[in-house]
Each structure stands twice: as C-alpha cells, then as structure tokens.
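> Got a structure here, written out as structure tokens. Questions coming.
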Amino acid sequence: MRRLPPALAVLLALLMVTPSSLLAQSSPAPASEPLVTLETSDSLLLTDDGDRIGVSATLARPAELRLRVVDYDGRTERVLYEGPGVGEIRDGWHGSDADGDPVASGPYCIVATATADGVTERAQAWVTV
C-alpha cells in the first residue's frame, strides 16, 4: 500500500473535519450605494434643431461634483457644473464648447466626478452629436 505525502495527508485530514459551510465560497459583500449616478435624457443630440441633452447627476451624500463634456480623445469640451452638491443636480448641453461654439459631429462623453470623504467616484454616459 502506498503512503500519501505528509502535506497531502494533512490536507485530506483537514477537509474531513472542516464543516462544509466553511468550504463553500462566500458570496461577495453587497455593494454599497454609489456616490454618484448619471442619466441623460437622450443619446443623440441634433444641434440643427436647437436640441439639448438633459443631464442629471445624483449624489448619494454631500460631495464635490464636476460635471463635464469630454470628446473622444479625452479633452474637456465644456464644464457643465463644478461645486458642492447633494441629491439631484440637473443641467443640459446644447452641443457647444466652452466658448459657445458648436462642437464637431461625433461621440462625446458626459462625465460626473464626485469626491466625498477622500473617495472619488465617476459615472459616465456617451452621447452622439
């Protein structure tokens, strides 16, 4: 009869006496509520119609919020809101840059960055002009 290596014998002995509840993979802790969530009224902006996209950022607790429009290359085109807030903060974007000039057609990202208690979280939504 073959003998098991000592390390394997110890492992098998532990498995035999360990309750199955300890062996089961524990489920991850439920995620806490996000600091910031973001919604847009649409994903397509038709600037010829004088349209605008409604933007709504919701902060779960008091935080510093920066709400901006970023182009596909990551450049900030326009800052919609910057300052303290809590609850829902609404704004809109008409498809113009910081100088008020129309932006080029293409994809843009609405980015909400919130900071509270040393933690920074980000939410984003893509729109097309």
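Identifiers for the structure tokens are assigned positionally: chains receive A, B, ... in sequence, residues are indexed from 1 per chain, and ligands are indexed from 1 in the order shown.
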Write out as a PyMOL selection string which residues come within 10 Å of A:Pro34 when counting only C-alpha atoms, dropping same-chain ones fewer than 2 positions away.
chain A and resi 31-32+36-37+58-61+121-123
> Need the shell around A:Arg52: protein/DNA/RNA residues with any atom at most 7 Å away, counting only C-alpha atoms. Skip same-chain ones fewer than 4 positions apart. Format as a VMD selection string?
chain A and resid 45 92 to 94
> Counting only C-alpha atoms, which of A:Ile53, A:Val86, A:Ala63, A:Leu46 gets nearest to A:Cys109?
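Checking each candidate against A:Cys109, we get A:Ile53 as the closest.
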> Please determine, counting only C-alpha atoms, which residue among A:Asp97, A:Asp51, A:Asp73, A:Glu64 has the shortest atom-to-atom distance to A:Ala112.
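So, comparing all the options, the nearest one is A:Glu64.
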> From the list A:Gly95, A:Gly118, A:Pro62, A:Gly83, which residue is nearest A:Leu44 when using only C-alpha atoms?
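Checking each candidate against A:Leu44, we get A:Gly95 as the closest.
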> Could you check how far atom CA of A:Asp117 sits from atom CA of A:Glu77, in Å to one decimal?
28.1 Å
> Show which residues sit within 7 Å of stretch 65-71 of chain A, as a ChimeraX atom specification. Count only C-alpha atoms, and ignore same-chain residues fewer than 5 positions away.
/A:76-85,107-115
> Can I get the selection written as a compact mmCIF listing (two decimals), in the first residue's frame, with N, CA and C atoms?

# COMPACT_ATOMS: atom_id res chain seq x y z
N THR A 76 -11.55 67.94 -22.41
CA THR A 76 -12.77 68.55 -21.87
C THR A 76 -13.24 69.64 -22.82
N GLU A 77 -14.46 69.50 -23.32
CA GLU A 77 -15.05 70.49 -24.22
C GLU A 77 -15.79 71.58 -23.43
N ARG A 78 -16.46 71.15 -22.37
CA ARG A 78 -17.25 72.10 -21.59
C ARG A 78 -17.46 71.55 -20.18
N VAL A 79 -17.39 72.42 -19.19
CA VAL A 79 -17.73 72.06 -17.81
C VAL A 79 -19.15 72.56 -17.57
N LEU A 80 -20.04 71.63 -17.24
CA LEU A 80 -21.45 71.98 -17.03
C LEU A 80 -21.71 72.42 -15.59
N TYR A 81 -21.00 71.80 -14.64
CA TYR A 81 -21.20 72.14 -13.22
C TYR A 81 -19.93 71.80 -12.47
N GLU A 82 -19.58 72.65 -11.51
CA GLU A 82 -18.44 72.36 -10.65
C GLU A 82 -18.70 73.01 -9.30
N GLY A 83 -18.78 72.18 -8.26
CA GLY A 83 -19.02 72.71 -6.93
C GLY A 83 -19.63 71.67 -6.01
N PRO A 84 -20.02 72.10 -4.81
CA PRO A 84 -20.62 71.16 -3.86
C PRO A 84 -22.05 70.83 -4.25
N GLY A 85 -22.50 69.67 -3.80
CA GLY A 85 -23.88 69.29 -4.07
C GLY A 85 -24.29 68.08 -3.27
N PRO A 107 -18.87 61.27 -31.20
CA PRO A 107 -19.22 60.82 -29.85
C PRO A 107 -18.60 61.73 -28.78
N TYR A 108 -19.36 61.95 -27.74
CA TYR A 108 -18.91 62.73 -26.58
C TYR A 108 -19.34 62.00 -25.32
N CYS A 109 -18.57 62.20 -24.27
CA CYS A 109 -18.86 61.53 -23.01
C CYS A 109 -19.23 62.59 -21.97
N ILE A 110 -20.37 62.40 -21.32
CA ILE A 110 -20.74 63.24 -20.18
C ILE A 110 -20.15 62.52 -18.96
N VAL A 111 -19.31 63.21 -18.21
CA VAL A 111 -18.60 62.59 -17.09
C VAL A 111 -18.97 63.33 -15.80
N ALA A 112 -19.41 62.58 -14.81
CA ALA A 112 -19.68 63.13 -13.48
C ALA A 112 -18.63 62.55 -12.53
N THR A 113 -17.85 63.43 -11.91
CA THR A 113 -16.83 63.01 -10.95
C THR A 113 -17.19 63.60 -9.60
N ALA A 114 -17.36 62.73 -8.60
CA ALA A 114 -17.75 63.17 -7.26
C ALA A 114 -16.70 62.74 -6.26
N THR A 115 -16.41 63.64 -5.30
CA THR A 115 -15.44 63.34 -4.25
C THR A 115 -16.07 63.66 -2.90
> Just the number, please: distance in Å from atom CA of A:Val55 to atom CA of A:Ser43, one decimal.
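Atom-to-atom, atom CA of A:Val55 to atom CA of A:Ser43, that is 10.6 Å.
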> Closest to A:Gly106 among A:Ile89, A:Thr40, A:Tyr72, A:Gly54, using only C-alpha atoms?
A:Tyr72
